[in-house]
$ cat query_14.cif   # mmCIF, N, CA and C atoms
data_input
loop_
_atom_site.label_atom_id
_atom_site.label_comp_id
_atom_site.auth_asym_id
_atom_site.auth_seq_id
_atom_site.Cartn_x
_atom_site.Cartn_y
_atom_site.Cartn_z
N MET A 29 -164.99 85.86 -346.84
CA MET A 29 -165.52 84.62 -346.33
C MET A 29 -166.58 84.10 -347.30
N LYS A 30 -166.55 82.82 -347.53
CA LYS A 30 -167.47 82.17 -348.47
C LYS A 30 -168.78 81.83 -347.78
N ILE A 31 -169.89 82.14 -348.45
CA ILE A 31 -171.20 81.81 -347.90
C ILE A 31 -171.57 80.36 -348.24
N SER A 32 -172.46 79.80 -347.46
CA SER A 32 -173.03 78.48 -347.75
C SER A 32 -174.54 78.63 -347.71
N GLU A 33 -175.25 77.58 -348.05
CA GLU A 33 -176.71 77.65 -348.03
C GLU A 33 -177.26 77.81 -346.62
N ASN A 34 -176.46 77.45 -345.62
CA ASN A 34 -176.88 77.60 -344.23
C ASN A 34 -176.50 78.95 -343.64
N SER A 35 -175.71 79.74 -344.35
CA SER A 35 -175.28 81.04 -343.84
C SER A 35 -176.49 81.95 -343.66
N VAL A 36 -176.44 82.74 -342.61
CA VAL A 36 -177.46 83.75 -342.35
C VAL A 36 -176.76 85.10 -342.47
N LEU A 37 -177.30 85.96 -343.33
CA LEU A 37 -176.68 87.26 -343.59
C LEU A 37 -177.44 88.38 -342.88
N ASP A 38 -176.68 89.39 -342.50
CA ASP A 38 -177.24 90.60 -341.93
C ASP A 38 -176.47 91.77 -342.52
N PHE A 39 -177.02 92.95 -342.41
CA PHE A 39 -176.33 94.13 -342.94
C PHE A 39 -175.12 94.46 -342.08
N ALA A 40 -174.05 94.87 -342.73
CA ALA A 40 -172.85 95.27 -342.03
C ALA A 40 -173.08 96.62 -341.34
N GLU A 41 -172.33 96.85 -340.31
CA GLU A 41 -172.43 98.11 -339.58
C GLU A 41 -172.12 99.28 -340.51
N GLY A 42 -172.93 100.31 -340.44
CA GLY A 42 -172.70 101.52 -341.22
C GLY A 42 -173.31 101.51 -342.62
N VAL A 43 -173.94 100.41 -343.01
CA VAL A 43 -174.56 100.34 -344.34
C VAL A 43 -175.92 101.04 -344.28
N LYS A 44 -176.12 101.94 -345.24
CA LYS A 44 -177.38 102.67 -345.32
C LYS A 44 -177.92 102.51 -346.75
N TYR A 45 -179.22 102.57 -346.88
CA TYR A 45 -179.82 102.45 -348.21
C TYR A 45 -181.12 103.23 -348.25
N ARG A 46 -181.49 103.58 -349.47
CA ARG A 46 -182.75 104.29 -349.65
C ARG A 46 -183.39 103.87 -350.97
N LYS A 47 -184.70 103.95 -350.99
CA LYS A 47 -185.50 103.61 -352.17
C LYS A 47 -185.34 104.71 -353.22
N GLU A 48 -185.18 104.29 -354.45
CA GLU A 48 -185.11 105.20 -355.60
C GLU A 48 -186.04 104.65 -356.68
N ASP A 49 -186.26 105.42 -357.73
CA ASP A 49 -187.13 104.96 -358.82
C ASP A 49 -186.61 103.69 -359.49
N PHE A 50 -185.31 103.54 -359.58
CA PHE A 50 -184.70 102.41 -360.28
C PHE A 50 -184.56 101.17 -359.40
N GLY A 51 -184.72 101.32 -358.09
CA GLY A 51 -184.50 100.22 -357.14
C GLY A 51 -184.07 100.81 -355.81
N ILE A 52 -182.84 100.50 -355.38
CA ILE A 52 -182.31 101.11 -354.16
C ILE A 52 -180.87 101.56 -354.38
N LEU A 53 -180.47 102.52 -353.58
CA LEU A 53 -179.10 103.04 -353.56
C LEU A 53 -178.52 102.68 -352.21
N ILE A 54 -177.35 102.03 -352.23
CA ILE A 54 -176.70 101.57 -351.01
C ILE A 54 -175.38 102.33 -350.84
N VAL A 55 -175.12 102.78 -349.63
CA VAL A 55 -173.84 103.41 -349.31
C VAL A 55 -173.29 102.76 -348.05
N SER A 56 -171.97 102.71 -347.96
CA SER A 56 -171.33 102.15 -346.78
C SER A 56 -169.98 102.82 -346.58
N LYS A 57 -169.35 102.49 -345.47
CA LYS A 57 -168.02 103.03 -345.17
C LYS A 57 -166.96 102.42 -346.08
N SER A 58 -167.22 101.22 -346.57
CA SER A 58 -166.18 100.47 -347.29
C SER A 58 -166.31 100.49 -348.81
N THR A 59 -167.43 100.97 -349.34
CA THR A 59 -167.62 100.94 -350.79
C THR A 59 -168.23 102.25 -351.29
N PRO A 60 -168.00 102.57 -352.56
CA PRO A 60 -168.73 103.70 -353.14
C PRO A 60 -170.22 103.36 -353.23
N ALA A 61 -171.02 104.31 -353.59
CA ALA A 61 -172.47 104.08 -353.73
C ALA A 61 -172.71 102.95 -354.74
N LEU A 62 -173.68 102.13 -354.43
CA LEU A 62 -174.03 100.99 -355.27
C LEU A 62 -175.53 101.02 -355.51
N SER A 63 -175.93 100.83 -356.76
CA SER A 63 -177.37 100.80 -357.05
C SER A 63 -177.78 99.37 -357.38
N LEU A 64 -178.98 99.02 -356.92
CA LEU A 64 -179.57 97.72 -357.24
C LEU A 64 -180.88 97.95 -357.98
N ASN A 65 -181.09 97.16 -359.03
CA ASN A 65 -182.37 97.24 -359.75
C ASN A 65 -183.46 96.60 -358.88
N HIS A 66 -184.65 96.50 -359.41
CA HIS A 66 -185.78 95.99 -358.62
C HIS A 66 -185.59 94.53 -358.22
N ASP A 67 -184.92 93.72 -359.06
CA ASP A 67 -184.66 92.33 -358.68
C ASP A 67 -183.70 92.27 -357.50
N GLY A 68 -182.63 93.05 -357.55
CA GLY A 68 -181.70 93.12 -356.44
C GLY A 68 -182.34 93.69 -355.19
N GLU A 69 -183.22 94.66 -355.39
CA GLU A 69 -183.94 95.26 -354.27
C GLU A 69 -184.81 94.23 -353.57
N PHE A 70 -185.48 93.36 -354.35
CA PHE A 70 -186.31 92.32 -353.77
C PHE A 70 -185.49 91.46 -352.81
N LEU A 71 -184.34 91.01 -353.27
CA LEU A 71 -183.48 90.17 -352.43
C LEU A 71 -182.98 90.95 -351.21
N TRP A 72 -182.50 92.16 -351.43
CA TRP A 72 -181.98 93.00 -350.34
C TRP A 72 -183.03 93.18 -349.25
N ASN A 73 -184.26 93.40 -349.64
CA ASN A 73 -185.34 93.64 -348.68
C ASN A 73 -185.69 92.40 -347.85
N HIS A 74 -185.23 91.24 -348.26
CA HIS A 74 -185.51 90.02 -347.51
C HIS A 74 -184.34 89.58 -346.62
N ILE A 75 -183.24 90.28 -346.68
CA ILE A 75 -182.14 90.01 -345.76
C ILE A 75 -182.53 90.60 -344.41
N ASP A 76 -182.59 89.74 -343.40
CA ASP A 76 -183.09 90.21 -342.10
C ASP A 76 -182.28 89.70 -340.90
N GLY A 77 -181.18 89.03 -341.15
CA GLY A 77 -180.40 88.50 -340.05
C GLY A 77 -180.99 87.22 -339.46
N LYS A 78 -182.05 86.70 -340.08
CA LYS A 78 -182.70 85.48 -339.59
C LYS A 78 -182.80 84.42 -340.68
N ARG A 79 -183.02 84.85 -341.91
CA ARG A 79 -183.18 83.89 -343.02
C ARG A 79 -181.82 83.41 -343.51
N SER A 80 -181.78 82.11 -343.84
CA SER A 80 -180.56 81.53 -344.40
C SER A 80 -180.51 81.81 -345.90
N VAL A 81 -179.35 81.58 -346.47
CA VAL A 81 -179.19 81.73 -347.92
C VAL A 81 -180.19 80.84 -348.65
N SER A 82 -180.37 79.61 -348.19
CA SER A 82 -181.32 78.71 -348.87
C SER A 82 -182.75 79.25 -348.78
N GLU A 83 -183.12 79.88 -347.67
CA GLU A 83 -184.44 80.49 -347.56
C GLU A 83 -184.58 81.68 -348.50
N LEU A 84 -183.53 82.47 -348.63
CA LEU A 84 -183.56 83.60 -349.55
C LEU A 84 -183.68 83.14 -351.00
N ILE A 85 -183.02 82.04 -351.33
CA ILE A 85 -183.14 81.46 -352.67
C ILE A 85 -184.58 81.01 -352.90
N GLU A 86 -185.16 80.32 -351.93
CA GLU A 86 -186.53 79.82 -352.07
C GLU A 86 -187.54 80.96 -352.24
N ILE A 87 -187.40 82.01 -351.45
CA ILE A 87 -188.30 83.18 -351.54
C ILE A 87 -188.20 83.81 -352.93
N THR A 88 -186.98 83.94 -353.42
CA THR A 88 -186.76 84.57 -354.73
C THR A 88 -187.32 83.70 -355.85
N GLU A 89 -187.11 82.39 -355.75
CA GLU A 89 -187.63 81.49 -356.78
C GLU A 89 -189.16 81.50 -356.81
N LYS A 90 -189.78 81.59 -355.66
CA LYS A 90 -191.25 81.66 -355.62
C LYS A 90 -191.75 82.97 -356.24
N GLU A 91 -191.06 84.06 -355.95
CA GLU A 91 -191.47 85.36 -356.48
C GLU A 91 -191.36 85.42 -358.00
N TYR A 92 -190.25 84.89 -358.53
CA TYR A 92 -189.98 85.02 -359.96
C TYR A 92 -190.31 83.75 -360.75
N ASN A 93 -190.74 82.68 -360.04
CA ASN A 93 -191.17 81.45 -360.67
C ASN A 93 -190.10 80.87 -361.61
N LYS A 94 -188.84 80.90 -361.17
CA LYS A 94 -187.77 80.30 -361.95
C LYS A 94 -186.59 79.99 -361.03
N ASN A 95 -185.70 79.14 -361.52
CA ASN A 95 -184.53 78.77 -360.76
C ASN A 95 -183.61 79.98 -360.62
N ALA A 96 -183.33 80.35 -359.39
CA ALA A 96 -182.50 81.53 -359.15
C ALA A 96 -181.31 81.21 -358.26
N HIS A 97 -181.04 79.92 -358.05
CA HIS A 97 -180.00 79.52 -357.11
C HIS A 97 -178.66 80.19 -357.39
N ALA A 98 -178.17 80.06 -358.61
CA ALA A 98 -176.84 80.59 -358.95
C ALA A 98 -176.79 82.10 -358.84
N LYS A 99 -177.81 82.78 -359.35
CA LYS A 99 -177.81 84.25 -359.34
C LYS A 99 -177.93 84.81 -357.92
N VAL A 100 -178.80 84.21 -357.11
CA VAL A 100 -178.97 84.68 -355.74
C VAL A 100 -177.70 84.44 -354.94
N THR A 101 -177.13 83.26 -355.07
CA THR A 101 -175.89 82.94 -354.35
C THR A 101 -174.78 83.90 -354.75
N GLU A 102 -174.65 84.17 -356.03
CA GLU A 102 -173.61 85.09 -356.51
C GLU A 102 -173.83 86.51 -355.95
N LEU A 103 -175.06 86.98 -356.00
CA LEU A 103 -175.35 88.33 -355.51
C LEU A 103 -175.09 88.43 -354.00
N LEU A 104 -175.53 87.43 -353.24
CA LEU A 104 -175.30 87.45 -351.80
C LEU A 104 -173.81 87.39 -351.48
N GLN A 105 -173.06 86.58 -352.23
CA GLN A 105 -171.61 86.51 -352.03
C GLN A 105 -170.98 87.87 -352.32
N ASN A 106 -171.46 88.55 -353.36
CA ASN A 106 -170.95 89.88 -353.68
C ASN A 106 -171.23 90.87 -352.55
N PHE A 107 -172.42 90.78 -351.94
CA PHE A 107 -172.74 91.65 -350.80
C PHE A 107 -171.74 91.44 -349.67
N VAL A 108 -171.38 90.19 -349.41
CA VAL A 108 -170.40 89.88 -348.36
C VAL A 108 -169.02 90.38 -348.78
N ASP A 109 -168.60 90.09 -350.00
CA ASP A 109 -167.28 90.49 -350.49
C ASP A 109 -167.10 92.00 -350.48
N LEU A 110 -168.18 92.75 -350.73
CA LEU A 110 -168.11 94.21 -350.74
C LEU A 110 -168.24 94.82 -349.34
N GLY A 111 -168.47 93.98 -348.35
CA GLY A 111 -168.60 94.47 -346.98
C GLY A 111 -169.96 95.06 -346.67
N LEU A 112 -170.96 94.78 -347.52
CA LEU A 112 -172.31 95.29 -347.28
C LEU A 112 -173.09 94.41 -346.32
N CYS A 113 -172.76 93.12 -346.32
CA CYS A 113 -173.42 92.16 -345.44
C CYS A 113 -172.34 91.35 -344.72
N VAL A 114 -172.71 90.83 -343.57
CA VAL A 114 -171.85 89.93 -342.82
C VAL A 114 -172.58 88.61 -342.62
N ILE A 115 -171.80 87.55 -342.47
CA ILE A 115 -172.36 86.26 -342.15
C ILE A 115 -172.50 86.21 -340.63
N LYS A 116 -173.71 86.04 -340.16
CA LYS A 116 -173.96 86.04 -338.72
C LYS A 116 -173.15 84.93 -338.06
N GLY A 117 -172.53 85.29 -336.96
CA GLY A 117 -171.70 84.35 -336.23
C GLY A 117 -170.24 84.40 -336.65
N SER A 118 -169.96 84.80 -337.89
CA SER A 118 -168.57 84.82 -338.36
C SER A 118 -167.80 85.98 -337.75
N GLU A 119 -168.50 87.03 -337.30
CA GLU A 119 -167.78 88.16 -336.70
C GLU A 119 -167.22 87.78 -335.33
N LEU A 120 -167.64 86.62 -334.78
CA LEU A 120 -167.13 86.16 -333.50
C LEU A 120 -165.87 85.33 -333.67
N ALA A 121 -165.64 84.85 -334.88
CA ALA A 121 -164.48 83.97 -335.14
C ALA A 121 -163.18 84.73 -335.19
#
$ encode --input "query_14.cif" --output "structure tokens"
Amino acid sequence: MKISENSVLDFAEGVKYRKEDFGILIVSKSTPALSLNHDGEFLWNHIDGKRSVSELIEITEKEYNKNAHAKVTELLQNFVDLGLCVIKGSELA
């Protein structure tokens, strides 16, 4: 499913993660272990099932003081495509 700027993401059922020196390590039922660097960790830590994609972009741009629209959108879409995150409300469709 394709995300939009209004999409609200939450973690998929069964996704677990832990802090590591390099960032975070994510494991799920549907994918092998995945590591995120500190930039990816920053974004991951702000996914809360309440913030929209546009809010996550804004938070990231404020933190890094640069345009991050394309990179954040791509990373969030990858989270959905890999089954690590779900678009809230879409599981009812």
$ closest_residue --input "query_14.cif" --among "A:Lys30, A:Asp49, A:Asp76, A:Lys57" --to "Gly111 of chain A" --atoms "all atoms listed in the file"
A:Lys57
$ residues_around --input "query_14.cif" --residues "Leu110 of chain A" --least-positions-apart "4" --cutoff "8 Å" --atoms "only C-alpha atoms" --output "NGL selection string"
:A and (58-59 or 106)
$ residues_around --input "query_14.cif" --residues "Leu37 of chain A" --least-positions-apart "5" --cutoff "6.5 Å" --atoms "all atoms listed in the file" --output "count of residues only"
11
$ atom_distance --input "query_14.cif" --atom1 "atom CA of Glu83 of chain A" --atom2 "atom CA of Ser32 of chain A"
11.6 Å
$ select_by_dssp --input "query_14.cif" --residues "chain A" --states "alpha helix (DSSP H)" --output "VMD selection string"
chain A and resid 66 to 74 81 to 92 97 to 109
$ atom_distance --input "query_14.cif" --atom1 "atom N of Asn93 of chain A" --atom2 "atom C of Leu71 of chain A"
14.4 Å
$ closest_residue --input "query_14.cif" --among "A:Val36, A:Val43, A:Leu84, A:Ile52" --to "Glu69 of chain A" --atoms "all atoms listed in the file"
A:Ile52
$ closest_residue --input "query_14.cif" --among "A:His97, A:Asp38, A:Asn65, A:Ile85" --to "Phe50 of chain A" --atoms "only C-alpha atoms"
A:Asn65
$ closest_residue --input "query_14.cif" --among "A:Pro60, A:Lys47, A:Lys99, A:Phe70" --to "Ile87 of chain A" --atoms "only C-alpha atoms"
A:Phe70
$ decode --input "query_14.cif" --residues "segment 48-92 of chain A" --atoms "N, CA and C atoms" --output "PDB file, in the first residue's frame"
ATOM      1  N   GLU A  48      21.227  -0.356  19.715  1.00  0.00           N
ATOM      2  CA  GLU A  48      22.587  -0.877  19.550  1.00  0.00           C
ATOM      3  C   GLU A  48      23.518   0.329  19.394  1.00  0.00           C
ATOM      4  N   ASP A  49      24.818   0.082  19.416  1.00  0.00           N
ATOM      5  CA  ASP A  49      25.785   1.172  19.250  1.00  0.00           C
ATOM      6  C   ASP A  49      25.636   1.892  17.912  1.00  0.00           C
ATOM      7  N   PHE A  50      25.279   1.171  16.869  1.00  0.00           N
ATOM      8  CA  PHE A  50      25.197   1.731  15.522  1.00  0.00           C
ATOM      9  C   PHE A  50      23.857   2.401  15.244  1.00  0.00           C
ATOM     10  N   GLY A  51      22.860   2.178  16.080  1.00  0.00           N
ATOM     11  CA  GLY A  51      21.503   2.682  15.845  1.00  0.00           C
ATOM     12  C   GLY A  51      20.515   1.735  16.502  1.00  0.00           C
ATOM     13  N   ILE A  52      19.663   1.090  15.692  1.00  0.00           N
ATOM     14  CA  ILE A  52      18.752   0.079  16.237  1.00  0.00           C
ATOM     15  C   ILE A  52      18.723  -1.150  15.341  1.00  0.00           C
ATOM     16  N   LEU A  53      18.364  -2.263  15.941  1.00  0.00           N
ATOM     17  CA  LEU A  53      18.193  -3.539  15.253  1.00  0.00           C
ATOM     18  C   LEU A  53      16.720  -3.885  15.329  1.00  0.00           C
ATOM     19  N   ILE A  54      16.115  -4.160  14.171  1.00  0.00           N
ATOM     20  CA  ILE A  54      14.694  -4.458  14.089  1.00  0.00           C
ATOM     21  C   ILE A  54      14.521  -5.898  13.624  1.00  0.00           C
ATOM     22  N   VAL A  55      13.618  -6.616  14.274  1.00  0.00           N
ATOM     23  CA  VAL A  55      13.268  -7.970  13.844  1.00  0.00           C
ATOM     24  C   VAL A  55      11.748  -8.063  13.766  1.00  0.00           C
ATOM     25  N   SER A  56      11.277  -8.900  12.854  1.00  0.00           N
ATOM     26  CA  SER A  56       9.844  -9.109  12.702  1.00  0.00           C
ATOM     27  C   SER A  56       9.595 -10.516  12.192  1.00  0.00           C
ATOM     28  N   LYS A  57       8.327 -10.870  12.136  1.00  0.00           N
ATOM     29  CA  LYS A  57       7.941 -12.186  11.618  1.00  0.00           C
ATOM     30  C   LYS A  57       8.135 -12.273  10.112  1.00  0.00           C
ATOM     31  N   SER A  58       8.091 -11.127   9.440  1.00  0.00           N
ATOM     32  CA  SER A  58       8.077 -11.130   7.976  1.00  0.00           C
ATOM     33  C   SER A  58       9.413 -10.797   7.313  1.00  0.00           C
ATOM     34  N   THR A  59      10.397 -10.329   8.088  1.00  0.00           N
ATOM     35  CA  THR A  59      11.667  -9.935   7.480  1.00  0.00           C
ATOM     36  C   THR A  59      12.842 -10.426   8.321  1.00  0.00           C
ATOM     37  N   PRO A  60      14.004 -10.580   7.682  1.00  0.00           N
ATOM     38  CA  PRO A  60      15.201 -10.844   8.480  1.00  0.00           C
ATOM     39  C   PRO A  60      15.549  -9.608   9.309  1.00  0.00           C
ATOM     40  N   ALA A  61      16.505  -9.731  10.177  1.00  0.00           N
ATOM     41  CA  ALA A  61      16.930  -8.594  11.008  1.00  0.00           C
ATOM     42  C   ALA A  61      17.350  -7.432  10.110  1.00  0.00           C
ATOM     43  N   LEU A  62      16.995  -6.237  10.533  1.00  0.00           N
ATOM     44  CA  LEU A  62      17.299  -5.030   9.788  1.00  0.00           C
ATOM     45  C   LEU A  62      17.938  -4.037  10.742  1.00  0.00           C
ATOM     46  N   SER A  63      19.029  -3.412  10.302  1.00  0.00           N
ATOM     47  CA  SER A  63      19.670  -2.406  11.151  1.00  0.00           C
ATOM     48  C   SER A  63      19.428  -1.021  10.562  1.00  0.00           C
ATOM     49  N   LEU A  64      19.221  -0.064  11.458  1.00  0.00           N
ATOM     50  CA  LEU A  64      19.077   1.335  11.062  1.00  0.00           C
ATOM     51  C   LEU A  64      20.175   2.145  11.729  1.00  0.00           C
ATOM     52  N   ASN A  65      20.773   3.046  10.959  1.00  0.00           N
ATOM     53  CA  ASN A  65      21.781   3.941  11.540  1.00  0.00           C
ATOM     54  C   ASN A  65      21.071   4.977  12.417  1.00  0.00           C
ATOM     55  N   HIS A  66      21.812   5.919  12.943  1.00  0.00           N
ATOM     56  CA  HIS A  66      21.230   6.896  13.872  1.00  0.00           C
ATOM     57  C   HIS A  66      20.184   7.785  13.205  1.00  0.00           C
ATOM     58  N   ASP A  67      20.348   8.087  11.912  1.00  0.00           N
ATOM     59  CA  ASP A  67      19.333   8.879  11.208  1.00  0.00           C
ATOM     60  C   ASP A  67      18.028   8.097  11.101  1.00  0.00           C
ATOM     61  N   GLY A  68      18.125   6.833  10.711  1.00  0.00           N
ATOM     62  CA  GLY A  68      16.945   5.984  10.639  1.00  0.00           C
ATOM     63  C   GLY A  68      16.320   5.764  12.004  1.00  0.00           C
ATOM     64  N   GLU A  69      17.168   5.654  13.013  1.00  0.00           N
ATOM     65  CA  GLU A  69      16.690   5.486  14.389  1.00  0.00           C
ATOM     66  C   GLU A  69      15.878   6.698  14.827  1.00  0.00           C
ATOM     67  N   PHE A  70      16.348   7.902  14.468  1.00  0.00           N
ATOM     68  CA  PHE A  70      15.625   9.115  14.826  1.00  0.00           C
ATOM     69  C   PHE A  70      14.195   9.056  14.289  1.00  0.00           C
ATOM     70  N   LEU A  71      14.051   8.714  13.022  1.00  0.00           N
ATOM     71  CA  LEU A  71      12.731   8.633  12.411  1.00  0.00           C
ATOM     72  C   LEU A  71      11.897   7.527  13.063  1.00  0.00           C
ATOM     73  N   TRP A  72      12.493   6.350  13.223  1.00  0.00           N
ATOM     74  CA  TRP A  72      11.794   5.205  13.820  1.00  0.00           C
ATOM     75  C   TRP A  72      11.239   5.563  15.201  1.00  0.00           C
ATOM     76  N   ASN A  73      12.022   6.270  15.980  1.00  0.00           N
ATOM     77  CA  ASN A  73      11.612   6.629  17.343  1.00  0.00           C
ATOM     78  C   ASN A  73      10.455   7.627  17.380  1.00  0.00           C
ATOM     79  N   HIS A  74      10.157   8.258  16.263  1.00  0.00           N
ATOM     80  CA  HIS A  74       9.051   9.216  16.219  1.00  0.00           C
ATOM     81  C   HIS A  74       7.775   8.629  15.624  1.00  0.00           C
ATOM     82  N   ILE A  75       7.824   7.403  15.166  1.00  0.00           N
ATOM     83  CA  ILE A  75       6.610   6.730  14.710  1.00  0.00           C
ATOM     84  C   ILE A  75       5.843   6.315  15.960  1.00  0.00           C
ATOM     85  N   ASP A  76       4.609   6.814  16.074  1.00  0.00           N
ATOM     86  CA  ASP A  76       3.863   6.565  17.312  1.00  0.00           C
ATOM     87  C   ASP A  76       2.389   6.215  17.087  1.00  0.00           C
ATOM     88  N   GLY A  77       1.991   6.040  15.845  1.00  0.00           N
ATOM     89  CA  GLY A  77       0.595   5.732  15.576  1.00  0.00           C
ATOM     90  C   GLY A  77      -0.307   6.959  15.649  1.00  0.00           C
ATOM     91  N   LYS A  78       0.283   8.138  15.817  1.00  0.00           N
ATOM     92  CA  LYS A  78      -0.490   9.381  15.908  1.00  0.00           C
ATOM     93  C   LYS A  78      -0.013  10.423  14.900  1.00  0.00           C
ATOM     94  N   ARG A  79       1.283  10.455  14.654  1.00  0.00           N
ATOM     95  CA  ARG A  79       1.846  11.456  13.737  1.00  0.00           C
ATOM     96  C   ARG A  79       1.665  11.020  12.286  1.00  0.00           C
ATOM     97  N   SER A  80       1.352  12.005  11.440  1.00  0.00           N
ATOM     98  CA  SER A  80       1.227  11.741  10.008  1.00  0.00           C
ATOM     99  C   SER A  80       2.614  11.754   9.365  1.00  0.00           C
ATOM    100  N   VAL A  81       2.665  11.276   8.146  1.00  0.00           N
ATOM    101  CA  VAL A  81       3.918  11.304   7.386  1.00  0.00           C
ATOM    102  C   VAL A  81       4.424  12.742   7.279  1.00  0.00           C
ATOM    103  N   SER A  82       3.529  13.688   7.011  1.00  0.00           N
ATOM    104  CA  SER A  82       3.977  15.086   6.889  1.00  0.00           C
ATOM    105  C   SER A  82       4.550  15.600   8.214  1.00  0.00           C
ATOM    106  N   GLU A  83       3.989  15.183   9.346  1.00  0.00           N
ATOM    107  CA  GLU A  83       4.542  15.582  10.642  1.00  0.00           C
ATOM    108  C   GLU A  83       5.913  14.952  10.872  1.00  0.00           C
ATOM    109  N   LEU A  84       6.077  13.706  10.458  1.00  0.00           N
ATOM    110  CA  LEU A  84       7.374  13.045  10.597  1.00  0.00           C
ATOM    111  C   LEU A  84       8.426  13.719   9.727  1.00  0.00           C
ATOM    112  N   ILE A  85       8.030  14.159   8.542  1.00  0.00           N
ATOM    113  CA  ILE A  85       8.945  14.901   7.664  1.00  0.00           C
ATOM    114  C   ILE A  85       9.354  16.204   8.339  1.00  0.00           C
ATOM    115  N   GLU A  86       8.384  16.922   8.880  1.00  0.00           N
ATOM    116  CA  GLU A  86       8.663  18.210   9.528  1.00  0.00           C
ATOM    117  C   GLU A  86       9.602  18.048  10.726  1.00  0.00           C
ATOM    118  N   ILE A  87       9.360  17.051  11.556  1.00  0.00           N
ATOM    119  CA  ILE A  87      10.212  16.786  12.725  1.00  0.00           C
ATOM    120  C   ILE A  87      11.645  16.498  12.286  1.00  0.00           C
ATOM    121  N   THR A  88      11.776  15.684  11.245  1.00  0.00           N
ATOM    122  CA  THR A  88      13.102  15.304  10.753  1.00  0.00           C
ATOM    123  C   THR A  88      13.824  16.511  10.151  1.00  0.00           C
ATOM    124  N   GLU A  89      13.099  17.322   9.392  1.00  0.00           N
ATOM    125  CA  GLU A  89      13.723  18.503   8.795  1.00  0.00           C
ATOM    126  C   GLU A  89      14.175  19.494   9.862  1.00  0.00           C
ATOM    127  N   LYS A  90      13.417  19.637  10.917  1.00  0.00           N
ATOM    128  CA  LYS A  90      13.828  20.529  12.011  1.00  0.00           C
ATOM    129  C   LYS A  90      15.076  19.996  12.709  1.00  0.00           C
ATOM    130  N   GLU A  91      15.128  18.692  12.916  1.00  0.00           N
ATOM    131  CA  GLU A  91      16.273  18.086  13.604  1.00  0.00           C
ATOM    132  C   GLU A  91      17.557  18.231  12.791  1.00  0.00           C
ATOM    133  N   TYR A  92      17.462  17.994  11.479  1.00  0.00           N
ATOM    134  CA  TYR A  92      18.659  17.975  10.639  1.00  0.00           C
ATOM    135  C   TYR A  92      18.849  19.263   9.840  1.00  0.00           C
TER     136      TYR A  92
END
